[in-house]
Amino acid sequence: MSLASTASAKAQPSMLARLFARQELALLVCLVLVLVFFSATVENFLSVRNMTNVLGQASLALTAGIGCAIVFISGEVDISIGSLLATIALPLIIIMNDTNSLLLGVSAALLFGLIIGAVNGYLTAYAGINSLIVTLGTMFIMRGGVYLYTGQRAISDDAALDSFIALSDGRLFNIIPYSAVIAIVLLAAFGYMMQHRPFGRQIYAVGGNQEVARLAGYDVRRVKFICFIISSLLATVAGIILAARVGSAQHTAGLNFEFQVVAATVLGGVSLAGGIGSLTGMALGVLILQFLSNGLRGLGLPTEWQLVITGIIIIAAVAVDEAKRRRANGG
Amino acid sequence: MALPTSREGPTGQMLSAAKTPAPAHGPERREWTEMSELTHAPAQRRSIGGQLLGGSQLVLGAILAVLCIAISIAAPQFYSEPNIIAILRQCALVLIVASGMTMLIITAEVDLSVGASLAFVGCIGMAVLNSTHSLTLGMLAALAFAGGVGLFNGLVVTRLRVNSLIATIGTMMMLQGGVYLFTREAVQNHNRLAIFTDLGAGYVGAVPVPVILAALIFAVAYVTLRFTTLGRYLYAVGANEKAVRLSGLRSERLKLFGFVVTGLCVGVAGMILSSLMNAGQPTAGRGFELTVIAAVILGGTSLLGGRGSLFGTLLGVLVLKVIDNGIIILSWNQDLQMVVPGIVIILATYLDIIRNKANVR
């Protein structure tokens, strides 16, 4: 897989690269179908206001999804991102309340995220512990830590800086929410890195075949270590946006968020086995789920149905994808 | 067998186990001899599988001993009869589901839907109990539902080839949504059947009923894994599925078995939980799947499959629940009940890896 992706970056697309392209095309078709269906059944679904609102809501999963996809592609998993969302909101809000400075608050949050990513990455890449166990552990530790520190009470954003509040309701040119702008910029930057920079290709190589990557002279451990740091930093950005939206540091923030992100990422064709998938696919996966949930709400279905239908769609999508892949490999 | 650090397939060791299911050289064989093995010459240490297993269980046994001693020094009431019974009762629910989950993880699959299923099963069991006035029918409904969930998971994973992590996240979402569509609030116990109350709160002699049920299920699972051909095949399918298929076994059926057994265990646990709470709670079981998986992993069962034992799982459950109990009787902040297990899981796995490296050298 890694070889195929490397080739696609350089010269004419290989057969596998075309297969990936087809997969993203299939996702795009799904997204269009969802849009067409709901625009026919739900009033105002296609309005600019609703579209941009959904984009704003999707920005959390889009931002964290980039990190999730990158870690998946490197052949590992990170399920600590939900707890991370709640954890980094603490230094962010507390420091902003103390200093009235968005810059200091955000820096503190990013520093926290960096440390957590380094811990996850070190334990996985250098200590050699299974990443599911590591991030399950740090997930427990962080969530428990937040409960301990806050005594299960929300810490409100007393500073209420304009620049911080703008993250939740500000819009670029009064149209696109700033949170969506941030997500799109990050998506473009990391998408470029994954497809066109040597480091991105290294991540594909490491996830595709660790042994081959090692023999090719890549520092497998370092690549994985950095992937975890990227994942935590991006989840931190998502956490900052969430804190701005709810206007406080909530101990329950981001509960089950990791499952939503993992589901959307896998729906987007990023394989848990590593080395396969793209950020474009992940983004399409997030958008499909987000528009679906928005449309179902527009139809007046209770939120519980959204959970049920999302669950069915994830299983069905992966099953279809798997069947397609087997047919491609078999024939 | 695959080291937790590597992603490559296992060596041919399980292959021989798959072809000739003789109990002579299996992983679990070693757990009783670990002490002597440690004191003897390294020349004896040839079975890598046995090594890993013995190691993680020894570490875990030591952790458990240190915990018990430390807590009882700090709080002498730790060893009082009511407290020990309380710990055992706490262990029972987790151990029941962990018994099934151990088998499933040994076949290299995992089920994240057990927490959501636990809540749903309790509600369904209670609703059937209310309308039929029969514990048998309520229990059967619970088992049928939970077994059905396991069957569904198993079919999706084995027939549709969906990764079990994703498939069961999907099922988890469906169950979480579904339970609220089934009931918005707790299903109260209308009949107050004495026998149903006994399921969670009763005693036989000095032993709580859930503990007896857990012991029974544990024993059956233990015998199956350790002494039967089926158990041997479960290890084999987790260690090297391809080899198992090539030697003529139906690997899908073995995995399906793991999923259904896990589901049935959830059925029993769900009924006990609703008896304890005297109601079917749709919000019950949040995070239960993570506790169960943490206990199984802590017990030395590898997520990559093919390696692990129920004895380790028992130790894992005990360690987690003794920690929980210690935090309560030392009157520490109960939120530590989330932090400490997280540290313990990582630490235990890390110690296991260090020990393996030392042995390999």
# chains A, B, ... in the order shown; residues from 1 in each chain; ligands from 1

$ interface_residues --of "chain A" --to "chain B" --cutoff "7 Å" --atoms "only C-alpha atoms" --output "list in words"
Gly128, Ile129, Asn130, Ile133, Val134, Gly137, Thr138, Phe140, Ile141, Gly144, Gly145, Tyr147, Leu148, Phe259, Ala263, Glu304, Trp305, Leu307, Val308, Gly311, Ile312, Ile314, Ile315, Val318, Ala319 and Glu322 of chain A

$ residues_around --residues "Ile106 (chain B)" --least-positions-apart "5" --cutoff "7 Å" --atoms "only C-alpha atoms" --output "PyMOL selection string"
chain B and resi 234-235+238+301+305-308

$ write_last_selection --atoms "C-alpha atoms" --output "short mmCIF file (atom, residue, chain, number, x, y, z; two decimals), in the first residue's frame"
data_model
loop_
_atom_site.label_atom_id
_atom_site.label_comp_id
_atom_site.auth_asym_id
_atom_site.auth_seq_id
_atom_site.Cartn_x
_atom_site.Cartn_y
_atom_site.Cartn_z
CA LEU B 234 -9.94 -20.53 20.32
CA TYR B 235 -6.27 -19.89 21.13
CA GLY B 238 -6.40 -15.91 17.66
CA THR B 301 -4.51 -11.35 27.59
CA GLY B 305 -5.12 -12.71 20.18
CA GLY B 306 -3.79 -16.18 20.86
CA ARG B 307 -2.44 -15.42 24.29
CA GLY B 308 -3.99 -15.01 27.69
#

$ residues_around --residues "Phe38 (chain A)" --least-positions-apart "4" --cutoff "9 Å" --atoms "only C-alpha atoms" --output "PyMOL selection string"
chain A and resi 33-34+42-43+45-46+291-292+295-296+298-299

$ atom_distance --atom1 "CA of Gln250 (chain A)" --atom2 "CA of Ala154 (chain A)"
4.6 Å

$ atom_distance --atom1 "CA of Val261 (chain A)" --atom2 "CA of Val317 (chain B)"
29.5 Å

$ select_by_dssp --residues "region 72-250 of chain A" --states "strand (DSSP E or B)" --output "list of chain:residue names"
A:Ile155, A:Ser156, A:Arg171, A:Leu172, A:Ile176, A:Pro177, A:Ser248, A:Ala249

$ residues_around --residues "Ala244 (chain A)" --least-positions-apart "2" --cutoff "6 Å" --atoms "only C-alpha atoms" --output "ChimeraX atom specification"
/A:165,168,241-242,246-247

$ write_last_selection --atoms "N, CA and C atoms" --output "PDB file, in the first residue's frame"
ATOM      1  N   ILE A 165     -14.738  34.357  22.409  1.00  0.00           N
ATOM      2  CA  ILE A 165     -16.147  34.106  22.088  1.00  0.00           C
ATOM      3  C   ILE A 165     -16.345  34.053  20.568  1.00  0.00           C
ATOM      4  N   SER A 168     -16.628  30.819  18.784  1.00  0.00           N
ATOM      5  CA  SER A 168     -17.867  30.038  18.739  1.00  0.00           C
ATOM      6  C   SER A 168     -18.904  30.670  17.810  1.00  0.00           C
ATOM      7  N   ILE A 241     -12.020  25.037  20.684  1.00  0.00           N
ATOM      8  CA  ILE A 241     -13.259  25.456  20.011  1.00  0.00           C
ATOM      9  C   ILE A 241     -14.478  25.060  20.850  1.00  0.00           C
ATOM     10  N   LEU A 242     -14.424  23.826  21.402  1.00  0.00           N
ATOM     11  CA  LEU A 242     -15.554  23.355  22.214  1.00  0.00           C
ATOM     12  C   LEU A 242     -15.729  24.222  23.457  1.00  0.00           C
ATOM     13  N   VAL A 246     -19.153  26.226  24.579  1.00  0.00           N
ATOM     14  CA  VAL A 246     -19.949  26.049  25.795  1.00  0.00           C
ATOM     15  C   VAL A 246     -19.618  27.114  26.840  1.00  0.00           C
ATOM     16  N   GLY A 247     -18.588  27.922  26.581  1.00  0.00           N
ATOM     17  CA  GLY A 247     -18.259  29.024  27.485  1.00  0.00           C
ATOM     18  C   GLY A 247     -17.789  28.588  28.856  1.00  0.00           C
TER      19      GLY A 247
END

$ residues_around --residues "region 268-283 of chain A" --least-positions-apart "5" --cutoff "6 Å" --atoms "only C-alpha atoms" --output "PyMOL selection string"
chain A and resi 24+72-75+191+204+207-208

$ residues_around --residues "Leu104 (chain A)" --least-positions-apart "3" --cutoff "12 Å" --atoms "only C-alpha atoms" --output "PyMOL selection string"
chain A and resi 91-101+107-111+164

$ closest_residue --among "A:Val237, A:Ile175, A:Val320, A:Val223" --to "Asn53 (chain A)" --atoms "only C-alpha atoms"
A:Ile175
